Amino acid sequence: MFKYTLVLPLMAIVFLGCCNKTNQKQPAPASITYYVDADNGSDSNSGLKPEKAFASLAKINKLTLKAGTHVLFKSGTSYTGQLKPKGIGKPGQPIVIARYGGDERPVINAAGMHKSAVHIYNMAYVELRDLEITNSGAERENGRRGVIVEAENCGKVKHIILNNLFIHDVNGSLVKSEGGGSAILWKNHGDQYITTFDSLIIENCHLKDCARNGINARGYTRRDNWHPSTNVIIRNNLLEGIPGDGIVPIGTDGALIEYNVMRDCPDILSHAEAAAGIWPWSADNTLIQFNEVSGHTAKWDGQGFDSDWNCINTTIQYNYSHDNYGGFLLICNKGNTINTPSNVGTKNTIVRYNISVNDGIRPYQTERRGWFSPCMHISGPVEDNFIHHNLFVFPVKESADIDRTFIQMDNWGGPWANKTLVANNHMKFIEPYRMFYGESKQTYCIDNTFETSMMDLNSSTEIPFWAKDYMNDYDENWKEKMIEVFFKNDEEMKSILNR
């Protein structure tokens with residue numbers, strides 16, 4: 001824990017070095033633009049004009065960039081190595097790293113020689129835009145990334161923006177426990193000075209053929225040392241060819257994950273590797289909305305969406321999940337760590353206004369649980385789960401062996417789920433399905449629409465007292481919003497939604 005009387009004088013020094021915290025108003029310096037041209041430049045040039053451009057990443061790495069500085073790489077040029085800039089921007093005067101001279105992105109290729117092709121370390125008010133980034137070595141390597149954004153022992157780091165990056169062919173390890181790999185990793189840490197991000201935005205990026213993961217994080221996750229990053233936004237990104245976890249905010253409060261698409265996940269993970277599409281871990285008040293996840297093929301889990309370990313107040317709404325091997329949804333927590341300093345539980349998960357089509361179609365047995373692939377899996381001591389006003393469409397499955405379970409509830413190392421409401425969902429079955437409550441407590445299914453011959457559902461007649469206030473406050477315009485977002489031109493889906 002901090003002893004504020006001792007660290008405040010030192011904090012001021014550190015903040016000045018990393019986050020540029022100062023109460024004195026300084027006159028804005030004239031902005032500087034450095035140009036970099038690998039084909040025609042020279043590191044002996046001034047770099048201040050296109051015709052006097054620098055030539056290398058190494059030259060930029062040696063500079064200490066001032067607030068308002070722009071570093072522009074010439075369109076169509078390529079650079080081998082790692083970009084690791086230095087410097088601190090200011091509000092209204094960010095450091096901008098981007099391109100000039102055309103629409104083609106400049107390429108930064110670490111070629112497997114560095115842990116990341118770009119490493120943003122202890123910088124604040126910095127924007128990285130319009131670059132192509134790759135990092136592939138001869139063999140897969142643990143911890144290999146496209147971009148790492150890291151803050152260490154430097155207080156609150158503000159205004160980090162990654163925009164319009166094409167990150168591809170990052171051959172990190174496929175083994176999570178050994179460090180894995182990913183297109184983008186952000187991490188904040190430090191035991192001398194608590195360090196968090198505020199206003200970290202990743203948007204309009206294309207991540208392709210990166211292993212193991214797409215966008216993931218590290219942060220303070222223990223509840224006895226809880227310091228979440230805030231104003232984290234991950235928006236409008238396309239993830240293709242990612243075999244593992246797609247987007248995973250960790251150690252955040254109020255993260256917004258919206259308008260992302262994850263698709264075409266290759267089936268290359270081992271039977272020991274669990275992965276899913278979009279999900280928080282040790283994060284509170286996460287809003288996941290207007291995303292599409294399809295074609296996830298992980299042999300363990302493999303759902304489109306998940307509310308995971310040590311998470312409070314996760315909302316998953318207006319998303320489209322389809323053709324995922326492991327199903328639409330996972331809500332889980334590990335029972336043998338519940339109510340410890342590292343795990344206060346997974347509570348108040350809201351899953352509403354989503355569309356799930358043809359989820360839970362794993363076509364072969366796994367080594368862990370055979371054919372297991374329910375549409376929704378609720379496991380362990382998770383409390384206050386509200387699953388309502390969703391649309392589920394279950395076409396005919398290709399094999400008689402494929403799992404036909406709507407909801408599977410079980411325990412993960414301890415207590416079962418408590419207080420789960422499944423209400424007002426519309427389910428279109430072509431074949432009979434099962435429902436398994438197990439030893440869960442206070443599970444209620446109310447006013448769901450489906451053909452009763454297709455599933456034996458033990459329905460309740462009245463909303464439980466603990467859910468009444470919430471259900472009185474739901475959005476009644478959910479059908480119209482779903483149609484507007486996903487299916488403007490799909491008459492068949494419109495007809496299903498309006499039944």
# chains A, B, ... in the order shown; residues from 1 in each chain; ligands from 1
>>> residues_around(residues="segment 122-138 of chain A", least_positions_apart="6", cutoff="7 Å", atoms="only C-alpha atoms", output="number ranges by chain")
A: 18-19, 86-91, 94-99, 105-112, 116, 145-146, 150-152, 157-171
>>> select_by_dssp(residues="segment 86-199 of chain A", states="strand (DSSP E or B)", output="ChimeraX atom specification")
/A:87,90,93,95-100,107-109,116-121,126-129,132-135,141,144-152,156-163,166-172,181-189,196-199
>>> residues_around(residues="Asn385 of chain A", least_positions_apart="6", cutoff="9 Å", atoms="only C-alpha atoms", output="list in words")
Ile331, Lys347, Asn348, Thr349, Ile350, Val351, Ala417, Asn418, Lys419, Thr420, Leu421 and Val422 of chain A
>>> closest_atom_pairs(of="segment 182-281 of chain A", to="segment 365-377 of chain A", cutoff="12 Å", atoms="only C-alpha atoms", output="CSV")
residue,atom,partner,partner_atom,distance
A:Leu269,CA,A:Thr366,CA,11.6
A:Ser270,CA,A:Glu367,CA,9.6
A:His271,CA,A:Glu367,CA,6.1
A:Ala272,CA,A:Arg368,CA,7.8
A:Glu273,CA,A:Arg368,CA,10.2
A:Ala274,CA,A:Arg368,CA,10.5
>>> closest_residue(among="A:Pro432, A:Lys479, A:Gly380, A:Thr452", to="Ser495 of chain A", atoms="only C-alpha atoms")
A:Lys479
>>> residues_around(residues="Pro341 of chain A", least_positions_apart="5", cutoff="8 Å", atoms="only C-alpha atoms", output="ChimeraX atom specification")
/A:222-224
>>> write_last_selection(atoms="C-alpha atoms", output="short mmCIF file (atom, residue, chain, number, x, y, z; two decimals), in the first residue's frame")
data_model
loop_
_atom_site.label_atom_id
_atom_site.label_comp_id
_atom_site.auth_asym_id
_atom_site.auth_seq_id
_atom_site.Cartn_x
_atom_site.Cartn_y
_atom_site.Cartn_z
CA ARG A 222 -5.62 -8.63 -7.15
CA ARG A 223 -8.41 -7.08 -5.11
CA ASP A 224 -6.01 -6.26 -2.27
#
>>> residues_around(residues="segment 304-321 of chain A", least_positions_apart="4", cutoff="6 Å", atoms="only C-alpha atoms", output="tab-separated table (two decimals) with all heavy atoms, in the first residue's frame")
chain	number	residue	atom	x	y	z
A	276	ALA	N	-11.35	-17.90	-26.10
A	276	ALA	CA	-12.66	-17.44	-26.54
A	276	ALA	C	-12.50	-16.11	-27.26
A	276	ALA	O	-11.40	-15.55	-27.33
A	276	ALA	CB	-13.62	-17.33	-25.35
A	277	GLY	N	-13.61	-15.58	-27.74
A	277	GLY	CA	-13.54	-14.40	-28.59
A	277	GLY	C	-13.27	-13.11	-27.84
A	277	GLY	O	-12.17	-12.57	-27.87
A	278	ILE	N	-14.30	-12.58	-27.17
A	278	ILE	CA	-14.19	-11.30	-26.47
A	278	ILE	C	-14.61	-11.51	-25.03
A	278	ILE	O	-15.73	-11.97	-24.77
A	278	ILE	CB	-15.06	-10.22	-27.14
A	278	ILE	CG1	-14.61	-10.00	-28.60
A	278	ILE	CG2	-14.99	-8.91	-26.37
A	278	ILE	CD1	-15.47	-9.02	-29.37
A	279	TRP	N	-13.75	-11.13	-24.08
A	279	TRP	CA	-14.08	-11.38	-22.68
A	279	TRP	C	-13.16	-10.60	-21.74
A	279	TRP	O	-11.98	-10.43	-22.01
A	279	TRP	CB	-13.99	-12.87	-22.36
A	279	TRP	CG	-12.71	-13.57	-22.74
A	279	TRP	CD1	-12.32	-13.98	-23.98
A	279	TRP	CD2	-11.67	-13.97	-21.84
A	279	TRP	NE1	-11.10	-14.61	-23.91
A	279	TRP	CE2	-10.67	-14.63	-22.62
A	279	TRP	CE3	-11.48	-13.87	-20.46
A	279	TRP	CZ2	-9.52	-15.16	-22.06
A	279	TRP	CZ3	-10.31	-14.40	-19.90
A	279	TRP	CH2	-9.36	-15.04	-20.71
A	281	TRP	N	-11.29	-10.09	-17.93
A	281	TRP	CA	-10.71	-10.90	-16.85
A	281	TRP	C	-10.22	-9.95	-15.77
A	281	TRP	O	-9.45	-9.02	-16.04
A	281	TRP	CB	-9.56	-11.74	-17.39
A	281	TRP	CG	-9.09	-12.85	-16.50
A	281	TRP	CD1	-9.54	-14.13	-16.47
A	281	TRP	CD2	-8.04	-12.80	-15.51
A	281	TRP	NE1	-8.85	-14.88	-15.55
A	281	TRP	CE2	-7.92	-14.08	-14.93
A	281	TRP	CE3	-7.20	-11.79	-15.07
A	281	TRP	CZ2	-7.00	-14.38	-13.95
A	281	TRP	CZ3	-6.27	-12.08	-14.07
A	281	TRP	CH2	-6.18	-13.37	-13.52
A	282	SER	N	-10.70	-10.14	-14.54
A	282	SER	CA	-10.37	-9.22	-13.45
A	282	SER	C	-10.62	-7.78	-13.89
A	282	SER	O	-9.76	-6.91	-13.80
A	282	SER	CB	-8.92	-9.39	-13.01
A	282	SER	OG	-8.75	-10.61	-12.32
A	283	ALA	N	-11.83	-7.53	-14.38
A	283	ALA	CA	-12.20	-6.21	-14.87
A	283	ALA	C	-13.63	-5.91	-14.44
A	283	ALA	O	-14.48	-6.80	-14.43
A	283	ALA	CB	-12.07	-6.16	-16.39
A	284	ASP	N	-13.90	-4.66	-14.11
A	284	ASP	CA	-15.22	-4.25	-13.65
A	284	ASP	C	-15.89	-3.32	-14.66
A	284	ASP	O	-15.22	-2.58	-15.39
A	284	ASP	CB	-15.12	-3.52	-12.31
A	284	ASP	CG	-14.74	-4.44	-11.16
A	284	ASP	OD1	-14.68	-5.66	-11.38
A	284	ASP	OD2	-14.51	-3.92	-10.05
A	285	ASN	N	-17.23	-3.40	-14.69
A	285	ASN	CA	-18.05	-2.46	-15.46
A	285	ASN	C	-17.66	-2.43	-16.94
A	285	ASN	O	-17.59	-1.38	-17.57
A	285	ASN	CB	-17.94	-1.05	-14.86
A	285	ASN	CG	-18.35	-1.02	-13.40
A	285	ASN	OD1	-19.46	-1.39	-13.04
A	285	ASN	ND2	-17.44	-0.59	-12.53
A	286	THR	N	-17.42	-3.62	-17.49
A	286	THR	CA	-17.06	-3.74	-18.90
A	286	THR	C	-18.32	-3.77	-19.75
A	286	THR	O	-19.25	-4.52	-19.47
A	286	THR	CB	-16.24	-5.02	-19.13
A	286	THR	OG1	-15.14	-5.05	-18.23
A	286	THR	CG2	-15.73	-5.08	-20.55
A	287	LEU	N	-18.33	-2.98	-20.81
A	287	LEU	CA	-19.44	-2.96	-21.75
A	287	LEU	C	-18.96	-3.51	-23.09
A	287	LEU	O	-18.06	-2.94	-23.73
A	287	LEU	CB	-19.98	-1.54	-21.92
A	287	LEU	CG	-21.14	-1.37	-22.91
A	287	LEU	CD1	-22.33	-2.25	-22.52
A	287	LEU	CD2	-21.56	0.10	-22.99
A	288	ILE	N	-19.56	-4.62	-23.51
A	288	ILE	CA	-19.21	-5.29	-24.76
A	288	ILE	C	-20.44	-5.23	-25.66
A	288	ILE	O	-21.45	-5.88	-25.39
A	288	ILE	CB	-18.81	-6.75	-24.49
A	288	ILE	CG1	-17.59	-6.80	-23.55
A	288	ILE	CG2	-18.50	-7.49	-25.78
A	288	ILE	CD1	-17.28	-8.19	-23.02
A	289	GLN	N	-20.37	-4.46	-26.74
A	289	GLN	CA	-21.58	-4.25	-27.54
A	289	GLN	C	-21.25	-4.07	-29.03
A	289	GLN	O	-20.19	-3.61	-29.41
A	289	GLN	CB	-22.34	-3.02	-27.04
A	289	GLN	CG	-21.58	-1.71	-27.14
A	289	GLN	CD	-22.39	-0.53	-26.63
A	289	GLN	OE1	-23.50	-0.68	-26.10
A	289	GLN	NE2	-21.87	0.67	-26.80
A	290	PHE	N	-22.21	-4.48	-29.87
A	290	PHE	CA	-22.15	-4.30	-31.32
A	290	PHE	C	-20.93	-4.98	-31.95
A	290	PHE	O	-20.33	-4.46	-32.89
A	290	PHE	CB	-22.19	-2.81	-31.69
A	290	PHE	CG	-23.36	-2.08	-31.13
A	290	PHE	CD1	-23.20	-1.03	-30.25
A	290	PHE	CD2	-24.66	-2.45	-31.47
A	290	PHE	CE1	-24.29	-0.36	-29.72
A	290	PHE	CE2	-25.75	-1.79	-30.95
A	290	PHE	CZ	-25.58	-0.74	-30.07
A	291	ASN	N	-20.53	-6.12	-31.40
A	291	ASN	CA	-19.42	-6.88	-31.95
A	291	ASN	C	-19.93	-8.13	-32.66
A	291	ASN	O	-21.04	-8.61	-32.38
A	291	ASN	CB	-18.46	-7.31	-30.83
A	291	ASN	CG	-17.95	-6.13	-30.04
A	291	ASN	OD1	-17.05	-5.42	-30.47
A	291	ASN	ND2	-18.52	-5.91	-28.85
A	292	GLU	N	-19.12	-8.69	-33.53
A	292	GLU	CA	-19.43	-9.96	-34.20
A	292	GLU	C	-18.25	-10.91	-34.02
A	292	GLU	O	-17.11	-10.55	-34.31
A	292	GLU	CB	-19.68	-9.74	-35.69
A	292	GLU	CG	-19.97	-11.03	-36.46
A	292	GLU	CD	-20.20	-10.81	-37.94
A	292	GLU	OE1	-20.27	-9.63	-38.37
A	292	GLU	OE2	-20.31	-11.81	-38.68
A	293	VAL	N	-18.54	-12.11	-33.52
A	293	VAL	CA	-17.52	-13.14	-33.39
A	293	VAL	C	-18.03	-14.40	-34.08
A	293	VAL	O	-19.14	-14.86	-33.78
A	293	VAL	CB	-17.18	-13.45	-31.92
A	293	VAL	CG1	-16.14	-14.57	-31.84
A	293	VAL	CG2	-16.67	-12.20	-31.20
A	294	SER	N	-17.23	-14.96	-34.96
A	294	SER	CA	-17.64	-16.17	-35.67
A	294	SER	C	-16.43	-17.05	-35.95
A	294	SER	O	-15.29	-16.58	-36.00
A	294	SER	CB	-18.33	-15.82	-37.00
A	294	SER	OG	-17.42	-15.18	-37.88
A	328	PHE	N	-22.03	-19.84	-27.79
A	328	PHE	CA	-22.19	-18.38	-27.76
A	328	PHE	C	-21.56	-17.76	-26.53
A	328	PHE	O	-20.86	-16.75	-26.61
A	328	PHE	CB	-23.69	-18.05	-27.81
A	328	PHE	CG	-24.06	-16.69	-27.27
A	328	PHE	CD1	-23.47	-15.53	-27.73
A	328	PHE	CD2	-25.03	-16.57	-26.28
A	328	PHE	CE1	-23.82	-14.28	-27.23
A	328	PHE	CE2	-25.40	-15.33	-25.77
A	328	PHE	CZ	-24.79	-14.19	-26.24
A	329	LEU	N	-21.78	-18.37	-25.35
A	329	LEU	CA	-21.50	-17.66	-24.11
A	329	LEU	C	-20.88	-18.56	-23.04
A	329	LEU	O	-21.29	-19.71	-22.87
A	329	LEU	CB	-22.80	-17.07	-23.55
A	329	LEU	CG	-22.73	-16.35	-22.21
A	329	LEU	CD1	-21.98	-15.02	-22.35
A	329	LEU	CD2	-24.13	-16.12	-21.65
A	330	LEU	N	-19.91	-17.98	-22.32
A	330	LEU	CA	-19.37	-18.59	-21.11
A	330	LEU	C	-19.45	-17.57	-19.98
A	330	LEU	O	-19.09	-16.40	-20.17
A	330	LEU	CB	-17.90	-19.00	-21.33
A	330	LEU	CG	-17.12	-19.48	-20.11
A	330	LEU	CD1	-17.67	-20.78	-19.58
A	330	LEU	CD2	-15.63	-19.62	-20.46
A	331	ILE	N	-19.95	-17.99	-18.81
A	331	ILE	CA	-19.87	-17.20	-17.58
A	331	ILE	C	-19.21	-18.12	-16.56
A	331	ILE	O	-19.73	-19.20	-16.28
A	331	ILE	CB	-21.24	-16.75	-17.08
A	331	ILE	CG1	-22.00	-15.98	-18.17
A	331	ILE	CG2	-21.09	-15.88	-15.83
A	331	ILE	CD1	-23.42	-15.61	-17.78
A	332	CYS	N	-18.06	-17.70	-15.99
A	332	CYS	CA	-17.34	-18.66	-15.17
A	332	CYS	C	-16.54	-17.97	-14.07
A	332	CYS	O	-16.20	-16.80	-14.14
A	332	CYS	CB	-16.41	-19.52	-16.03
A	332	CYS	SG	-15.08	-18.61	-16.81
A	333	ASN	N	-16.24	-18.77	-13.03
A	333	ASN	CA	-15.33	-18.37	-11.98
A	333	ASN	C	-14.81	-19.61	-11.28
A	333	ASN	O	-15.52	-20.61	-11.18
A	333	ASN	CB	-15.99	-17.45	-10.96
A	333	ASN	CG	-14.96	-16.71	-10.12
A	333	ASN	OD1	-14.32	-17.28	-9.27
A	333	ASN	ND2	-14.83	-15.41	-10.37
A	343	ASN	N	-9.61	-12.88	-5.86
A	343	ASN	CA	-10.85	-13.23	-6.55
A	343	ASN	C	-12.07	-12.94	-5.68
A	343	ASN	O	-12.38	-13.69	-4.76
A	343	ASN	CB	-10.81	-14.72	-6.92
A	343	ASN	CG	-12.03	-15.17	-7.71
A	343	ASN	OD1	-12.85	-14.36	-8.14
A	343	ASN	ND2	-12.15	-16.47	-7.88
A	344	VAL	N	-12.76	-11.86	-6.00
A	344	VAL	CA	-13.99	-11.53	-5.25
A	344	VAL	C	-15.22	-12.15	-5.89
A	344	VAL	O	-16.33	-12.02	-5.37
A	344	VAL	CB	-14.19	-10.01	-5.14
A	344	VAL	CG1	-13.06	-9.38	-4.35
A	344	VAL	CG2	-14.34	-9.36	-6.51
A	345	GLY	N	-15.04	-12.83	-7.02
A	345	GLY	CA	-16.16	-13.48	-7.67
A	345	GLY	C	-16.53	-12.82	-8.99
A	345	GLY	O	-16.06	-11.73	-9.32
A	346	THR	N	-17.36	-13.52	-9.73
A	346	THR	CA	-17.92	-12.98	-10.98
A	346	THR	C	-19.39	-12.71	-10.72
A	346	THR	O	-20.17	-13.64	-10.50
A	346	THR	CB	-17.73	-13.98	-12.13
A	346	THR	OG1	-16.32	-14.17	-12.34
A	346	THR	CG2	-18.36	-13.48	-13.41
A	347	LYS	N	-19.78	-11.44	-10.74
A	347	LYS	CA	-21.10	-11.05	-10.28
A	347	LYS	C	-21.76	-10.06	-11.25
A	347	LYS	O	-21.09	-9.24	-11.87
A	347	LYS	CB	-21.01	-10.40	-8.89
A	347	LYS	CG	-20.36	-11.28	-7.83
A	347	LYS	CD	-20.20	-10.53	-6.51
A	347	LYS	CE	-19.49	-11.38	-5.47
A	347	LYS	NZ	-19.28	-10.66	-4.19
A	348	ASN	N	-23.07	-10.19	-11.31
A	348	ASN	CA	-23.90	-9.26	-12.08
A	348	ASN	C	-23.48	-9.20	-13.55
A	348	ASN	O	-23.11	-8.15	-14.08
A	348	ASN	CB	-23.86	-7.86	-11.46
A	348	ASN	CG	-25.01	-7.00	-11.96
A	348	ASN	OD1	-26.13	-7.47	-12.10
A	348	ASN	ND2	-24.75	-5.73	-12.23
A	349	THR	N	-23.58	-10.33	-14.21
A	349	THR	CA	-23.36	-10.40	-15.66
A	349	THR	C	-24.68	-10.25	-16.37
A	349	THR	O	-25.63	-11.00	-16.12
A	349	THR	CB	-22.70	-11.74	-16.04
A	349	THR	OG1	-21.40	-11.83	-15.43
A	349	THR	CG2	-22.55	-11.85	-17.54
A	350	ILE	N	-24.76	-9.29	-17.27
A	350	ILE	CA	-25.97	-9.01	-18.04
A	350	ILE	C	-25.73	-9.38	-19.50
A	350	ILE	O	-24.79	-8.87	-20.12
A	350	ILE	CB	-26.37	-7.54	-17.92
A	350	ILE	CG1	-26.70	-7.19	-16.45
A	350	ILE	CG2	-27.54	-7.21	-18.83
A	350	ILE	CD1	-26.85	-5.70	-16.20
A	351	VAL	N	-26.55	-10.27	-20.03
A	351	VAL	CA	-26.42	-10.73	-21.41
A	351	VAL	C	-27.77	-10.50	-22.08
A	351	VAL	O	-28.73	-11.22	-21.83
A	351	VAL	CB	-26.02	-12.22	-21.47
A	351	VAL	CG1	-25.84	-12.67	-22.91
A	351	VAL	CG2	-24.74	-12.45	-20.67
A	352	ARG	N	-27.87	-9.50	-22.94
A	352	ARG	CA	-29.18	-9.10	-23.46
A	352	ARG	C	-29.06	-8.60	-24.91
A	352	ARG	O	-28.03	-8.11	-25.34
A	352	ARG	CB	-29.76	-7.99	-22.59
A	352	ARG	CG	-28.91	-6.73	-22.53
A	352	ARG	CD	-29.42	-5.75	-21.49
A	352	ARG	NE	-28.61	-4.54	-21.48
A	352	ARG	CZ	-28.71	-3.56	-20.57
A	352	ARG	NH1	-29.60	-3.66	-19.59
A	352	ARG	NH2	-27.95	-2.49	-20.63
A	353	TYR	N	-30.14	-8.81	-25.65
A	353	TYR	CA	-30.29	-8.26	-27.01
A	353	TYR	C	-29.23	-8.79	-27.98
A	353	TYR	O	-28.86	-8.11	-28.93
A	353	TYR	CB	-30.25	-6.73	-27.01
A	353	TYR	CG	-30.90	-6.04	-25.84
A	353	TYR	CD1	-30.29	-4.98	-25.21
A	353	TYR	CD2	-32.14	-6.46	-25.36
A	353	TYR	CE1	-30.87	-4.34	-24.14
A	353	TYR	CE2	-32.75	-5.83	-24.28
A	353	TYR	CZ	-32.11	-4.78	-23.67
A	353	TYR	OH	-32.69	-4.14	-22.59
A	354	ASN	N	-28.72	-9.99	-27.74
A	354	ASN	CA	-27.72	-10.58	-28.63
A	354	ASN	C	-28.37	-11.57	-29.59
A	354	ASN	O	-29.49	-12.06	-29.34
A	354	ASN	CB	-26.65	-11.30	-27.81
A	354	ASN	CG	-25.94	-10.37	-26.85
A	354	ASN	OD1	-25.10	-9.59	-27.24
A	354	ASN	ND2	-26.30	-10.47	-25.57
A	355	ILE	N	-27.67	-11.91	-30.65
A	355	ILE	CA	-28.11	-12.92	-31.60
A	355	ILE	C	-27.05	-14.01	-31.68
A	355	ILE	O	-25.87	-13.74	-31.89
A	355	ILE	CB	-28.33	-12.31	-32.99
A	355	ILE	CG1	-29.45	-11.26	-32.94
A	355	ILE	CG2	-28.67	-13.40	-34.01
A	355	ILE	CD1	-29.64	-10.50	-34.24
A	356	SER	N	-27.48	-15.24	-31.49
A	356	SER	CA	-26.60	-16.40	-31.60
A	356	SER	C	-27.19	-17.34	-32.65
A	356	SER	O	-28.33	-17.80	-32.52
A	356	SER	CB	-26.49	-17.13	-30.25
A	356	SER	OG	-25.88	-18.39	-30.40
>>> decode(residues="segment 201-274 of chain A", atoms="C-alpha atoms", output="compact mmCIF listing (two decimals), in the first residue's frame")
# COMPACT_ATOMS: atom_id res chain seq x y z
CA ILE A 201 -7.79 3.75 -27.32
CA ILE A 202 -7.25 1.01 -29.92
CA GLU A 203 -9.40 1.57 -32.98
CA ASN A 204 -9.72 0.95 -36.72
CA CYS A 205 -6.93 -1.63 -36.72
CA HIS A 206 -6.69 -4.78 -38.82
CA LEU A 207 -5.09 -7.72 -37.03
CA LYS A 208 -4.42 -10.74 -39.21
CA ASP A 209 -2.68 -14.07 -38.70
CA CYS A 210 -1.26 -13.23 -35.30
CA ALA A 211 -0.67 -15.85 -32.63
CA ARG A 212 -1.71 -16.61 -30.07
CA ASN A 213 -4.05 -13.67 -29.38
CA GLY A 214 -5.38 -10.45 -30.81
CA ILE A 215 -5.48 -7.72 -28.13
CA ASN A 216 -4.68 -8.61 -24.54
CA ALA A 217 -3.37 -6.98 -21.39
CA ARG A 218 -1.58 -7.16 -18.05
CA GLY A 219 -2.36 -5.03 -15.02
CA TYR A 220 -3.17 -4.95 -11.32
CA THR A 221 -5.71 -7.72 -10.84
CA ARG A 222 -5.62 -8.63 -7.15
CA ARG A 223 -8.41 -7.08 -5.11
CA ASP A 224 -6.01 -6.26 -2.27
CA ASN A 225 -3.93 -4.25 -4.76
CA TRP A 226 -6.66 -3.06 -7.10
CA HIS A 227 -5.67 -0.20 -9.41
CA PRO A 228 -7.62 -0.47 -12.68
CA SER A 229 -6.93 1.38 -15.90
CA THR A 230 -9.79 3.64 -16.99
CA ASN A 231 -11.31 4.95 -20.21
CA VAL A 232 -10.01 1.99 -22.20
CA ILE A 233 -11.76 1.82 -25.58
CA ILE A 234 -11.30 -0.95 -28.15
CA ARG A 235 -13.41 -0.08 -31.16
CA ASN A 236 -13.96 -0.95 -34.80
CA ASN A 237 -11.12 -3.42 -35.20
CA LEU A 238 -11.04 -6.43 -37.56
CA LEU A 239 -9.41 -9.61 -36.25
CA GLU A 240 -8.80 -12.44 -38.72
CA GLY A 241 -6.80 -15.63 -38.39
CA ILE A 242 -6.39 -15.29 -34.61
CA PRO A 243 -6.52 -18.79 -33.10
CA GLY A 244 -6.73 -17.82 -29.42
CA ASP A 245 -8.28 -15.02 -27.41
CA GLY A 246 -9.51 -12.10 -29.46
CA ILE A 247 -9.95 -9.10 -27.15
CA VAL A 248 -9.30 -9.44 -23.40
CA PRO A 249 -9.27 -6.33 -21.17
CA ILE A 250 -7.54 -7.10 -17.87
CA GLY A 251 -7.36 -4.89 -14.79
CA THR A 252 -9.76 -2.23 -16.10
CA ASP A 253 -12.78 -0.32 -14.88
CA GLY A 254 -15.35 0.76 -17.44
CA ALA A 255 -13.68 -0.63 -20.57
CA LEU A 256 -15.73 -0.21 -23.76
CA ILE A 257 -15.42 -2.94 -26.41
CA GLU A 258 -17.57 -2.18 -29.45
CA TYR A 259 -17.96 -2.60 -33.22
CA ASN A 260 -15.19 -5.18 -33.50
CA VAL A 261 -15.28 -8.21 -35.81
CA MET A 262 -13.41 -11.44 -35.08
CA ARG A 263 -13.64 -14.23 -37.66
CA ASP A 264 -11.94 -17.18 -39.32
CA CYS A 265 -10.00 -18.48 -36.32
CA PRO A 266 -7.68 -21.33 -37.39
CA ASP A 267 -8.00 -24.61 -35.51
CA ILE A 268 -4.35 -24.88 -34.45
CA LEU A 269 -4.44 -24.69 -30.63
CA SER A 270 -3.75 -27.81 -28.62
CA HIS A 271 -6.38 -29.59 -26.53
CA ALA A 272 -4.82 -28.00 -23.42
CA GLU A 273 -5.46 -24.41 -24.54
CA ALA A 274 -8.63 -22.53 -23.52
